[in-house]
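Input: a single structure, listed below in C-alpha cells.
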Amino acid sequence: MASLTLPSLNASTISRLNEQKATSLNSSSSRISTFRRRPTSTNQRFQCGVIRMQAGEEDFELKQMRDMAAAKKRWDAMIREGKVKVLTPREAGYAIQLSNKPLLDVRPSSEREKAWVKGSIWVPIFDIDNKFEVGTLSRKVTNFVMGGWWSGTPTVSYDRQFLSKVEEKFPKDAELIVACQKGLRSLAACEVLCNAGYRNLFWVQGGLEAAEEEDLAREGTQPLKFAGIGGLSEFLGWTDQQRVQAAREGWGYRLLYSARLIGLFVAADAFFIGAQQVGRYLQDLRSH
C-alpha cells in the first residue's frame with residue numbers, strides 16, 4: 001500500500017510566492033487567511049472519513065496477516081521439535097477414555113456454551129470483549145464490517161490471566177490435551193504453556209470442529225461441529241457444517257432453512273414498502 005506524502009513546492013513556485021509577497025503583502029495575507037478558513041463541504045468530509053476507514057481496515061488486515069504468518073512459523077517449529085504432540089479428535093477421545101488425560105478447552109464462552117467435551121476443563125485463552133472503551137468499540141465495528149455480521153464471530157481479547165488460571169488447575173508435569181474449535185487458538189495456548197514449562201502437551205489437530213459425534217463424549221445443545229458458527233450464515237443454513245448435515249438428513253432439513261430465507265426476503269420487502277409509505281406521508285405533510 002503506497003504511503004501518503006505531502007505535496008512539495010518547486011523552485012519556480014517559491015519564487016513566484018516571494019514576488020507576490022513583496023508587491024502586495026496585505027493582499028497575499030488576506031488570500032491565505034481566506035484559503036485557510038474556507039469551509040469543507042459535507043461531501044468532502046464524508047469522502048475523507050471513508051478513505052480513513054478503508055485505510056484503517058487495510059492496515060488492520062495486513063497486521064493480522066503478518067502476525068499470523070509469524071505465529072505459524074513458531075507453531076510449526078514447536079511441533080517439528082516435538083515440544084507438542086499432535087492428536088486427531090478420535091485419538092484425543094481414546095486418550096481421554098483409556099488414559100484419563102484431561103482436555104483443556106480454550107475456546108471463548110460463545111462456543112463453549114453451545115457444546116463441550118464431557119469432563120473437559122474450560123480456561124479460555126481469548127474470550128468475548130464486553131468492554132465499551134474507544135479502542136474496543138473501534139475493533140467491534142471493524143470486526144462487524146469485515147464479516148462478523150455474516151459469520152457471527154464476536155470480538156475477543158486475550159486473557160492475561162490465562163496462564164495463572166491453568167497453573168492453578170494443572171502442575172507443570174501434567175499431560176494436557178489442548179483443544180479449541182478450529183485448532184489455531186489451541187496452538188497459541190500450547191505456545192504459552194510450553195514457554196511456561198509444560199512439557200507434556202497434546203494438540204487436537206483441526207479442533208473440535210473436525211470431530212465426529214462418535215469421537216468425543218459431548219454435552220450441550222448442539223454438535224461440536226456447530227459450536228463455532230453463527231450470524232446470518234447460520235440462520236440461513238449456509239455454513240459448510242450445515243450443508244453436510246442437510247445432505248445427511250435430506251429435504252426436511254433443507255426446507256427449514258429455505259423457509260427462513262423466504263421469510264427474510266418477505267420481511268425485507270415489507271420494511272422497504274413501509275419506509276416508502278412513511279416517506280410519502282412526510283412529503284405530503286410538508287406540501288400541506
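A note on labels: chains of the C-alpha cells are A, B, ... as shown, every chain counts residues from 1, and ligands are counted from 1 in their shown order.
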Practice problem: Within 9 Å of range 201-218 of chain A, counting only C-alpha atoms, which residues show up once you throw out same-chain ones fewer than 3 positions away? Write them as a VMD selection string, please. | Solution: chain A and resid 83 to 94 96 115 to 119 174 to 184 186 to 187 190 193 to 194 198 223 to 228 241
Could you save those same residues with C-alpha atoms as a short mmCIF file (atom, residue, chain, number, x, y, z; two decimals), in the first residue's frame?
data_model
loop_
_atom_site.label_atom_id
_atom_site.label_comp_id
_atom_site.auth_asym_id
_atom_site.auth_seq_id
_atom_site.Cartn_x
_atom_site.Cartn_y
_atom_site.Cartn_z
CA LYS A 83 7.51 -29.92 22.13
CA VAL A 84 3.83 -30.51 21.33
CA LYS A 85 2.40 -33.85 20.14
CA VAL A 86 -0.38 -33.99 17.56
CA LEU A 87 -3.64 -35.90 18.05
CA THR A 88 -6.67 -36.29 15.83
CA PRO A 89 -10.06 -35.78 17.54
CA ARG A 90 -10.57 -39.55 17.59
CA GLU A 91 -7.16 -40.15 19.14
CA ALA A 92 -7.94 -37.48 21.72
CA GLY A 93 -11.15 -39.34 22.57
CA TYR A 94 -9.22 -42.58 23.06
CA ILE A 96 -9.40 -39.36 27.44
CA ALA A 115 -21.25 -27.71 23.12
CA TRP A 116 -18.30 -29.08 25.07
CA VAL A 117 -16.45 -32.34 25.68
CA LYS A 118 -17.72 -34.15 28.76
CA GLY A 119 -15.36 -33.69 31.70
CA ALA A 174 0.58 -32.87 33.74
CA GLU A 175 -0.32 -34.46 30.41
CA LEU A 176 -2.67 -31.94 28.82
CA ILE A 177 -4.79 -32.29 25.70
CA VAL A 178 -5.41 -28.75 24.42
CA ALA A 179 -8.32 -28.07 22.07
CA CYS A 180 -10.26 -25.17 20.55
CA GLN A 181 -12.86 -25.01 17.79
CA LYS A 182 -10.63 -24.99 14.69
CA GLY A 183 -7.13 -25.63 16.03
CA LEU A 184 -5.49 -22.20 15.90
CA SER A 186 -5.21 -24.08 20.93
CA LEU A 187 -1.81 -23.79 19.20
CA CYS A 190 0.24 -24.58 23.62
CA LEU A 193 2.11 -23.22 28.16
CA CYS A 194 5.26 -24.58 26.54
CA TYR A 198 4.72 -27.51 30.40
CA PRO A 223 -23.00 -30.89 17.88
CA LEU A 224 -19.38 -29.87 18.42
CA LYS A 225 -19.13 -29.03 14.70
CA PHE A 226 -21.82 -26.35 15.06
CA ALA A 227 -20.37 -24.59 18.11
CA GLY A 228 -18.29 -22.17 16.02
CA GLN A 241 -21.25 -27.75 8.51
#
Exercise. Per DSSP on the backbone, filter range 65-237 of chain A down to the residues in strand (DSSP E or B) and report them as a count of residues only.
Key: 29
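In this model, the gap between CA of Ser120 in chain A and CA of Arg185 in chain A comes to 16.4 Å.
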Quiz prompt | Of the listed residues A:Pro154, A:Asn130, A:Leu104, A:Glu113, that which approaches Gln222 in chain A most closely, counting only C-alpha atoms | solution = A:Glu113
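The interatomic distance for the pair CA of Lys114 in chain A and CA of Glu234 in chain A works out to 13.4 Å.
Each of A:Ala188, A:Ser99, A:Arg243, A:Val123 was compared to Met68 in chain A using only C-alpha atoms, and A:Ala188 turns out to be the nearest.
Atom pair CA of Pro102 in chain A / CA of Asp129 in chain A: separated by 27.2 Å.
Nearest residue to Trp122 in chain A, choosing from A:Met146, A:Lys169, A:Gly220, A:Ala77 and counting only C-alpha atoms: A:Lys169.
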Quiz item: With distances taken over only C-alpha atoms, which of A:Lys101, A:Lys172, A:Arg107, A:Arg74 is nearest to Ala196 in chain A?
Solution: A:Lys172
